[in-house]
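Chemist: The structure under discussion is supplied below as structure tokens; questions concerning it will follow.
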Amino acid sequence: MGFFRGLLAPFRGGLYVLRHPLKRYLLVPFVLSLLLATITMIAARSYWSQELSSMVASSPVLGSFFLAIMTVVGGAVLFLIAQPLLLAVFSDSLSERVERDVLGTAPTVPLLTSTGRALVHGLLKLVLYGIALVVGLGLTAVTGGLGSLIGVALGALSLAYDGFDYPLARRGTSFGGKWAFLARHPGLTIGYGIGATILYLIPFAVFVASPFAAVGATLAYIEIEKAVVPAAAPPPKVSTPNIAANS
């Protein structure tokens with residue numbers, strides 16, 4: 001059940017937002033994502049235009065084809081790295097709102113502590129995305145398709161960490177504690193990583209994928225928390241009548 005709960009979580013998050021009066025939380029993220037997509041594509045085209053200038057000059061048709069491919073790939077990679085960081089504040093706000101709607105309350109962290117921890121963990125997440133990108137590109141150059149699969153797997157793992165970061169951060173979980181949570185729930189982690197990756201591949205959904213995935217992770221975490229609390233609670237004591245006293 002953990003795998004399928006994780007696989008469907010990003011899509012459940014999207015349905016939850018669309019079925020409840022939460023659509024206003026998507027307006028700013030959608031606009032920012034459109035601007036980010038434009039900027040990353042322009043940056044990727046500018047970079048690869050210089051790198052492939054000799055190829056374009058010697059073979060305009062083939063060079064233009066490779067330029068278009070590398071622009072799309074490069075822009076998409078930059079977008080996927082930057083979007084979760086750019087929309088972190090909005091995704092966190094939406095995640096907290098959903099938790100309050102479901103549970104009636106949500107844990108709070110002091111502002112300075114929350115801000116400092118968010119900055120540090122945000123930088124660590126950026127490092128993780130960078131490592132996934134570098135390892136994927138490096139292995140692709142050596143092993144071909146296998147390297148691409150490893151890069152996608154690392155990217156999916158980073159998306160899983162990013163999604164569950166929101167409910168865990170509100171509970172003051174450390175950076176290592178967040179990874180420990182993912183390790184304790186491997187099925188959920190793998191399923192969520194695959195589901196979030198698929199969500200990012202859907203046209204137009206990519207612009208709101210980060211908030212949808214954050215809500216989905218929050219709902220999945222709440223279900224796990226509800227299941228763990230009753231199991232951890234000690235069984236009630238059953239009083240037995242004192243037969244000797246009543247005889």
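Chain labels follow the order of the structure tokens: the first chain is A, the next B, and so on; residue numbering restarts at 1 in every chain, and ligands are counted from 1 in their shown order.
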Please provide the set of residues having any atom within 10 Å of Ile39 in chain A, restricted to only C-alpha atoms, with same-chain residues fewer than 4 positions apart removed, written as a PyMOL selection string.
Modeler: chain A and resi 33-35+43-45+75+78-79
Chemist: Give me the residues within 12 Å of Ala82 in chain A as an mmCIF file with all heavy atoms, in the first residue's frame, counting only C-alpha atoms and dropping any in the same chain fewer than 5 places off.
Modeler:
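result_5.cif written:
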data_model
loop_
_atom_site.group_PDB
_atom_site.id
_atom_site.type_symbol
_atom_site.label_atom_id
_atom_site.label_comp_id
_atom_site.auth_asym_id
_atom_site.auth_seq_id
_atom_site.Cartn_x
_atom_site.Cartn_y
_atom_site.Cartn_z
ATOM 1 N N LEU A 32 4.698 32.650 -11.750
ATOM 2 C CA LEU A 32 6.149 32.556 -11.533
ATOM 3 C C LEU A 32 6.754 31.403 -12.330
ATOM 4 O O LEU A 32 7.873 31.530 -12.859
ATOM 5 C CB LEU A 32 6.439 32.376 -10.046
ATOM 6 C CG LEU A 32 6.192 33.585 -9.139
ATOM 7 C CD1 LEU A 32 6.473 33.232 -7.685
ATOM 8 C CD2 LEU A 32 7.050 34.774 -9.570
ATOM 9 N N SER A 33 6.023 30.311 -12.439
ATOM 10 C CA SER A 33 6.536 29.168 -13.203
ATOM 11 C C SER A 33 6.628 29.498 -14.688
ATOM 12 O O SER A 33 7.584 29.095 -15.368
ATOM 13 C CB SER A 33 5.641 27.948 -12.991
ATOM 14 O OG SER A 33 5.707 27.487 -11.661
ATOM 15 N N LEU A 35 7.146 32.498 -15.950
ATOM 16 C CA LEU A 35 8.310 33.377 -16.088
ATOM 17 C C LEU A 35 9.607 32.589 -15.983
ATOM 18 O O LEU A 35 10.558 32.821 -16.745
ATOM 19 C CB LEU A 35 8.257 34.469 -15.011
ATOM 20 C CG LEU A 35 7.140 35.499 -15.145
ATOM 21 C CD1 LEU A 35 7.150 36.443 -13.937
ATOM 22 C CD2 LEU A 35 7.292 36.299 -16.434
ATOM 23 N N LEU A 36 9.645 31.642 -15.045
ATOM 24 C CA LEU A 36 10.841 30.832 -14.868
ATOM 25 C C LEU A 36 11.114 29.988 -16.111
ATOM 26 O O LEU A 36 12.276 29.865 -16.541
ATOM 27 C CB LEU A 36 10.680 29.923 -13.651
ATOM 28 C CG LEU A 36 11.847 28.978 -13.357
ATOM 29 C CD1 LEU A 36 13.103 29.774 -13.027
ATOM 30 C CD2 LEU A 36 11.499 28.034 -12.212
ATOM 31 N N ALA A 37 10.066 29.407 -16.689
ATOM 32 C CA ALA A 37 10.240 28.603 -17.900
ATOM 33 C C ALA A 37 10.800 29.447 -19.042
ATOM 34 O O ALA A 37 11.688 29.008 -19.785
ATOM 35 C CB ALA A 37 8.909 27.977 -18.303
ATOM 36 N N ILE A 39 12.620 32.224 -18.761
ATOM 37 C CA ILE A 39 14.007 32.606 -18.444
ATOM 38 C C ILE A 39 14.961 31.439 -18.660
ATOM 39 O O ILE A 39 16.053 31.600 -19.228
ATOM 40 C CB ILE A 39 14.094 33.125 -16.994
ATOM 41 C CG1 ILE A 39 13.335 34.449 -16.861
ATOM 42 C CG2 ILE A 39 15.544 33.311 -16.573
ATOM 43 C CD1 ILE A 39 13.189 34.930 -15.438
ATOM 44 N N THR A 40 14.575 30.244 -18.199
ATOM 45 C CA THR A 40 15.468 29.094 -18.331
ATOM 46 C C THR A 40 15.667 28.704 -19.796
ATOM 47 O O THR A 40 16.779 28.315 -20.195
ATOM 48 C CB THR A 40 14.924 27.895 -17.538
ATOM 49 O OG1 THR A 40 13.570 27.615 -17.931
ATOM 50 C CG2 THR A 40 14.973 28.176 -16.048
ATOM 51 N N GLY A 75 16.898 23.835 -20.791
ATOM 52 C CA GLY A 75 15.905 24.676 -20.136
ATOM 53 C C GLY A 75 15.038 23.890 -19.175
ATOM 54 O O GLY A 75 14.713 24.368 -18.081
ATOM 55 N N ALA A 76 14.661 22.649 -19.569
ATOM 56 C CA ALA A 76 13.840 21.816 -18.691
ATOM 57 C C ALA A 76 14.590 21.438 -17.420
ATOM 58 O O ALA A 76 14.023 21.452 -16.320
ATOM 59 C CB ALA A 76 13.405 20.560 -19.445
ATOM 60 N N VAL A 77 15.871 21.103 -17.541
ATOM 61 C CA VAL A 77 16.665 20.737 -16.369
ATOM 62 C C VAL A 77 16.779 21.923 -15.413
ATOM 63 O O VAL A 77 16.591 21.783 -14.195
ATOM 64 C CB VAL A 77 18.061 20.240 -16.794
ATOM 65 C CG1 VAL A 77 18.979 20.113 -15.581
ATOM 66 C CG2 VAL A 77 17.958 18.907 -17.517
ATOM 67 N N LEU A 87 9.267 28.198 -5.569
ATOM 68 C CA LEU A 87 7.888 28.106 -5.073
ATOM 69 C C LEU A 87 7.809 27.534 -3.658
ATOM 70 O O LEU A 87 6.718 27.216 -3.188
ATOM 71 C CB LEU A 87 7.047 27.232 -6.014
ATOM 72 C CG LEU A 87 6.969 27.659 -7.476
ATOM 73 C CD1 LEU A 87 6.031 26.756 -8.242
ATOM 74 C CD2 LEU A 87 6.535 29.111 -7.609
ATOM 75 N N ALA A 88 8.953 27.417 -2.978
ATOM 76 C CA ALA A 88 8.962 26.776 -1.661
ATOM 77 C C ALA A 88 8.029 27.474 -0.675
ATOM 78 O O ALA A 88 7.278 26.823 0.051
ATOM 79 C CB ALA A 88 10.386 26.739 -1.117
ATOM 80 N N GLY A 122 17.151 24.465 2.041
ATOM 81 C CA GLY A 122 17.003 24.823 0.636
ATOM 82 C C GLY A 122 18.323 24.723 -0.110
ATOM 83 O O GLY A 122 18.386 24.234 -1.243
ATOM 84 N N LEU A 123 19.394 25.195 0.522
ATOM 85 C CA LEU A 123 20.715 25.072 -0.090
ATOM 86 C C LEU A 123 21.126 23.611 -0.221
ATOM 87 O O LEU A 123 21.709 23.204 -1.238
ATOM 88 C CB LEU A 123 21.746 25.841 0.747
ATOM 89 C CG LEU A 123 21.608 27.367 0.741
ATOM 90 C CD1 LEU A 123 22.601 27.994 1.713
ATOM 91 C CD2 LEU A 123 21.825 27.919 -0.670
ATOM 92 N N LYS A 125 19.078 21.100 -0.552
ATOM 93 C CA LYS A 125 18.289 20.538 -1.639
ATOM 94 C C LYS A 125 18.877 20.925 -2.992
ATOM 95 O O LYS A 125 18.909 20.116 -3.920
ATOM 96 C CB LYS A 125 16.832 21.005 -1.540
ATOM 97 C CG LYS A 125 16.029 20.292 -0.481
ATOM 98 C CD LYS A 125 14.553 20.556 -0.608
ATOM 99 C CE LYS A 125 14.189 21.971 -0.258
ATOM 100 N NZ LYS A 125 12.722 22.193 -0.252
ATOM 101 N N LEU A 126 19.362 22.175 -3.095
ATOM 102 C CA LEU A 126 19.984 22.610 -4.344
ATOM 103 C C LEU A 126 21.217 21.771 -4.647
ATOM 104 O O LEU A 126 21.462 21.395 -5.802
ATOM 105 C CB LEU A 126 20.365 24.089 -4.234
ATOM 106 C CG LEU A 126 20.970 24.736 -5.488
ATOM 107 C CD1 LEU A 126 19.990 24.644 -6.654
ATOM 108 C CD2 LEU A 126 21.342 26.185 -5.222
ATOM 109 N N VAL A 127 21.991 21.456 -3.608
ATOM 110 C CA VAL A 127 23.157 20.594 -3.787
ATOM 111 C C VAL A 127 22.725 19.207 -4.266
ATOM 112 O O VAL A 127 23.357 18.613 -5.154
ATOM 113 C CB VAL A 127 23.951 20.488 -2.467
ATOM 114 C CG1 VAL A 127 25.036 19.425 -2.576
ATOM 115 C CG2 VAL A 127 24.573 21.833 -2.110
ATOM 116 N N TYR A 129 20.007 18.382 -5.990
ATOM 117 C CA TYR A 129 19.612 18.452 -7.397
ATOM 118 C C TYR A 129 20.841 18.554 -8.291
ATOM 119 O O TYR A 129 20.895 17.949 -9.371
ATOM 120 C CB TYR A 129 18.702 19.663 -7.635
ATOM 121 C CG TYR A 129 17.301 19.484 -7.112
ATOM 122 C CD1 TYR A 129 16.752 20.384 -6.204
ATOM 123 C CD2 TYR A 129 16.509 18.425 -7.523
ATOM 124 C CE1 TYR A 129 15.464 20.219 -5.714
ATOM 125 C CE2 TYR A 129 15.219 18.255 -7.048
ATOM 126 C CZ TYR A 129 14.702 19.162 -6.144
ATOM 127 O OH TYR A 129 13.430 18.993 -5.671
ATOM 128 N N GLY A 130 21.833 19.332 -7.851
ATOM 129 C CA GLY A 130 23.062 19.460 -8.625
ATOM 130 C C GLY A 130 23.799 18.138 -8.741
ATOM 131 O O GLY A 130 24.296 17.784 -9.819
ATOM 132 N N SER A 210 4.689 21.525 -8.425
ATOM 133 C CA SER A 210 5.321 21.629 -7.108
ATOM 134 C C SER A 210 4.290 21.803 -5.991
ATOM 135 O O SER A 210 4.339 21.076 -4.992
ATOM 136 C CB SER A 210 6.333 22.779 -7.096
ATOM 137 O OG SER A 210 7.024 22.839 -5.878
#
Chemist: So which one's closest to Arg100 in chain A, A:Pro167, A:Gly193, A:Leu157, A:Gly14? Using only C-alpha atoms, please.
Modeler: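 Among A:Pro167, A:Gly193, A:Leu157, A:Gly14, it is A:Pro167 that comes nearest to Arg100 in chain A.
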Chemist: Nearest to Phe90 in chain A among A:Pro203, A:Gly191, A:Pro211, A:Ile224, with distances taken over only C-alpha atoms: which residue is it?
Modeler: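 When distances to Phe90 in chain A are compared using only C-alpha atoms, the smallest one comes from A:Pro211.
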Chemist: Find the residues around Lys23 in chain A up to 12 Å (only C-alpha atoms counted), leave out those fewer than 5 positions away in its own chain, and share them as a VMD selection string.
Modeler: chain A and resid 14 to 18 28 to 30 94 208 211 to 212
Chemist: Could you write out the selected residues, including C-alpha atoms, as a JSON list (two decimals), in the first residue's frame?
Modeler:
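Listing of result19.json after writing:
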[["chain", "number", "residue", "atom", "x", "y", "z"],
["A", 14, "GLY", "CA", -3.92, 18.19, -7.24],
["A", 15, "LEU", "CA", -7.48, 16.88, -6.94],
["A", 16, "TYR", "CA", -7.67, 18.07, -3.33],
["A", 17, "VAL", "CA", -6.66, 21.60, -4.31],
["A", 18, "LEU", "CA", -9.07, 21.71, -7.25],
["A", 28, "VAL", "CA", 1.19, 33.26, -8.13],
["A", 29, "PRO", "CA", 3.03, 29.91, -8.49],
["A", 30, "PHE", "CA", 1.57, 29.51, -11.99],
["A", 94, "LEU", "CA", -0.55, 25.65, 0.88],
["A", 208, "VAL", "CA", 1.66, 23.79, -10.70],
["A", 211, "PRO", "CA", 2.28, 22.82, -5.06],
["A", 212, "PHE", "CA", 0.25, 19.75, -6.08]]
Chemist: Considering only C-alpha atoms, can you say which of A:Glu223, A:Glu96, A:Ala156, A:Phe207 comes closest to Val31 in chain A?
Modeler: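 That would be A:Phe207, the residue with the smallest distance to Val31 in chain A.
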Chemist: How many Å separate CA of Tyr200 in chain A from CA of Asp101 in chain A?
Modeler: 26.0 Å
Chemist: Quick one: residues within 10 Å of Leu52 in chain A, only C-alpha atoms, excluding same-chain residues fewer than 5 positions away - as a list of chain:residue names?
Modeler: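 Close residues of Leu52 in chain A: A:Tyr47, A:Ala57, A:Gly63, A:Ser64, A:Phe66, A:Leu67, A:Met70.
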Chemist: Give the answer as one residue: which of A:Gly13, A:Gly177, A:Gly104, A:Gly2 has the shortest atom-to-atom distance to Tyr161 in chain A, using only C-alpha atoms?
Modeler: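 Of A:Gly13, A:Gly177, A:Gly104, A:Gly2, the one nearest Tyr161 in chain A, counting only C-alpha atoms, is A:Gly177.
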Chemist: Check the smallest atom-to-atom distance from each of A:Val61, A:Ser93, A:Ala9, A:Lys178 to Arg24 in chain A using only C-alpha atoms, then report the winner.
Modeler: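 With only C-alpha atoms as the atom set, the closest residue is A:Ser93.
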Chemist: Of the candidates A:Ile190, A:Val228, A:Met55, A:Val72, which one gets nearest to Ala160 in chain A if we count only C-alpha atoms?
Modeler: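 Of A:Ile190, A:Val228, A:Met55, A:Val72, the one nearest Ala160 in chain A, counting only C-alpha atoms, is A:Ile190.
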Chemist: One decimal, in Å: what's the spacing between CA of Leu124 in chain A and CA of Thr173 in chain A?
Modeler: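 CA of Thr173 in chain A lies at a distance of 14.5 Å from CA of Leu124 in chain A.
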Chemist: Would you give me, as a PyMOL selection string, the residues in range 164-240 of chain A that DSSP reads as helix (DSSP H, G or I)?
Modeler: chain A and resi 164-169+175-184+186-201+205-232
Chemist: Just the number, please: distance in Å from CA of Pro107 in chain A to CA of Gly155 in chain A, one decimal.
Modeler: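 Interatomic distance, CA of Pro107 in chain A to CA of Gly155 in chain A: 28.7 Å.
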